[in-house]
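Participant: Okay, here's the structure, questions in a sec.
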Amino acid sequence: MHSSRQTLIAIAGLMLNALVWGVSWWPFRHLNVLGLNPLWATALIYGVSSVAILAWRPQALGQLLRKPPLWLILLASGSTNAAFNWAVTQGDVVRVVLLFYLMPVWATLLARWLLGERLTKLVSVRLTLALVGAMVVLWPPGGGLPLPRQLADWLGVAGGFFFALNNVLLRKYAQTPPEARGLAMFAGGTIVAGALAAVFAASGLGSPLPAPSAQWLVPVAGLSLAFLVANLGLQYGAERLPSSLTAVVMTVEVVFASGSAVVLGAEQLSRQKLIGGSLILLAILLAAVRPRRPALPAHPPRETPT
């Protein structure tokens, strides 16, 4: 049984990760303007973090190679980062992030399959609120369903699925060495995004890696540090909280993304987005509420329930 303090720290770690991801669209767009497309940027950013982990814990590489389940985390994390960073660079920020946060649906289904977690009434309420909020924000002005219509939309949906899979796998394999899990997550961003960038560049569908320049090397270094800290927060939180709770808490990224887009003048805040965002925030608040357990009897019990 986790203490209230541990729960709050775990939620704070997830919130930090959501903040970094929520505002990351701006530096990725800036780098894209400088000639470094989001796939190359993702590969470099996570490459720097991977090197940092190996310098800190050299044994992590051997641990990763000897534990095939961590390879799944590598692929899931890499696919998440490649899809999301590509999407927010090309499409509407809020729309992409909200499609990404269909993720609670995937997380619930994956957790039932891989972890055997039960779908309680409270979890159902939280998921419903989060999804209804997303639907309100995405609903087209002329009517109709908010279905993916562009490449960025599909990338947002795919990124959300792989992010849910990543969270569930982190919890399922929480007993593996933390440095190996961290390396798997960062190496995944380098391998998946780098491979896609190289394939697209070779086929003429994407730009090649530009010549080294302080204009983009300095932002890449800063983003590397930010994502390193953010992903450590994600790993800490995802290991200690149920996958359904992790999925809902992380939807606060919608607020960070929307707010930063409005402040930086990329988008305007409408009543529709305010209503949808309020529902999502309510879901997050409900996710932080934990039912009280009945008081223990005065005499010492044989075993404390967990």
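Just remember, in the structure tokens the first chain shown is A, the second B, etc., residues are 1-based per chain, and ligands are 1-based in the order shown.
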Need the shell around range 151-165 of chain A: protein/DNA/RNA residues with any atom at most 9 Å away, counting only C-alpha atoms. Skip same-chain ones fewer than 6 positions apart. Format as a PyMOL selection string?

Facilitator: chain A and resi 73+75-84+86-92+95-108+110-111+243+247

Participant: Would you kindly return, as a compact mmCIF listing (two decimals) with C-alpha atoms, in the first residue's frame, each protein, DNA or RNA residue with an atom no farther than 10 Å from any atom of Gly35 in chain A, considering only C-alpha atoms and excluding same-chain residues fewer than 5 positions away?

Facilitator:
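This went into part-v3.txt:
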```txt
# COMPACT_ATOMS: atom_id res chain seq x y z
CA ARG A 29 8.32 23.87 -34.54
CA HIS A 30 11.22 26.28 -34.01
CA TRP A 40 15.72 14.01 -36.47
CA ALA A 41 15.20 16.28 -33.45
CA SER A 207 14.87 16.37 -45.17
CA PRO A 208 18.37 15.05 -44.39
CA LEU A 209 20.15 15.82 -41.15
CA PRO A 210 21.44 19.42 -41.44
CA ALA A 211 25.04 20.43 -40.82
CA TRP A 216 19.80 24.08 -33.30
```

Participant: How far is it from CA of Ala60 in chain A to CA of Leu241 in chain A, in Å with one decimal?

Facilitator: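 If I compute the distance from CA of Ala60 in chain A to CA of Leu241 in chain A, I get 24.1 Å.
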
Participant: For Pro69 in chain A, list every protein, DNA or RNA residue within 12 Å, evaluated using only C-alpha atoms, and leave out those in the same chain fewer than 4 positions away; present the list as a list in words.

Facilitator: Gln63, Leu64, Leu65, Ile73, Leu74, Leu75, Ala76, Asn166, Leu169, Leu170, Arg171, Lys172, Tyr173, Ala174, Gln175, Thr176, Pro177, Ala180, Arg181 and Ala184 of chain A

Participant: Calculated over only C-alpha atoms, which of the candidates A:Gly182, A:Gly133, A:Pro68, A:Gly206 has the smallest distance to Ile53 in chain A?

Facilitator: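 Ranked by minimum distance to Ile53 in chain A, first place goes to A:Gly182.
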
Participant: Give me the residues near Gly276 in chain A as a PDB file with C-alpha atoms, in the first residue's frame, where near means some atom within 7 Å (using only C-alpha atoms) and where sequence neighbours in that chain fewer than 3 positions away do not count.

Facilitator:
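Dumped to selection.pdb:
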```
ATOM      1  CA  GLY A 133     -14.229  16.693 -22.603  1.00  0.00           C
ATOM      2  CA  ALA A 134     -12.040  15.711 -25.520  1.00  0.00           C
ATOM      3  CA  VAL A 136     -16.464  18.650 -26.846  1.00  0.00           C
ATOM      4  CA  VAL A 137     -13.227  20.362 -27.818  1.00  0.00           C
ATOM      5  CA  GLN A 272     -15.970  25.066 -26.664  1.00  0.00           C
ATOM      6  CA  LYS A 273     -12.405  24.464 -25.515  1.00  0.00           C
ATOM      7  CA  LEU A 279     -14.464  18.340 -17.972  1.00  0.00           C
ATOM      8  CA  ILE A 280     -10.942  17.023 -18.396  1.00  0.00           C
TER       9      ILE A 280
END
```

Participant: So that I can see what lies close to Ile45 in chain A, please list as a tab-separated table (two decimals) with C-alpha atoms, in the first residue's frame the residues with an atom at most 8 Å from it, counting only C-alpha atoms and leaving out residues fewer than 6 positions away in the same chain.

Facilitator:
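Wrote it out as part04.tsv, contents follow:
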```
chain	number	residue	atom	x	y	z
A	190	THR	CA	16.50	7.50	-30.87
A	220	VAL	CA	18.47	20.28	-28.69
A	221	ALA	CA	20.71	20.15	-25.60
A	223	LEU	CA	15.28	19.77	-24.73
A	224	SER	CA	17.39	16.70	-23.98
A	227	PHE	CA	12.82	15.29	-21.60
```

Participant: Which distance in Å separates CA of Ala198 in chain A and CA of Val23 in chain A, to one decimal?

Facilitator: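 Distance reported for this atom pair: 26.1 Å.
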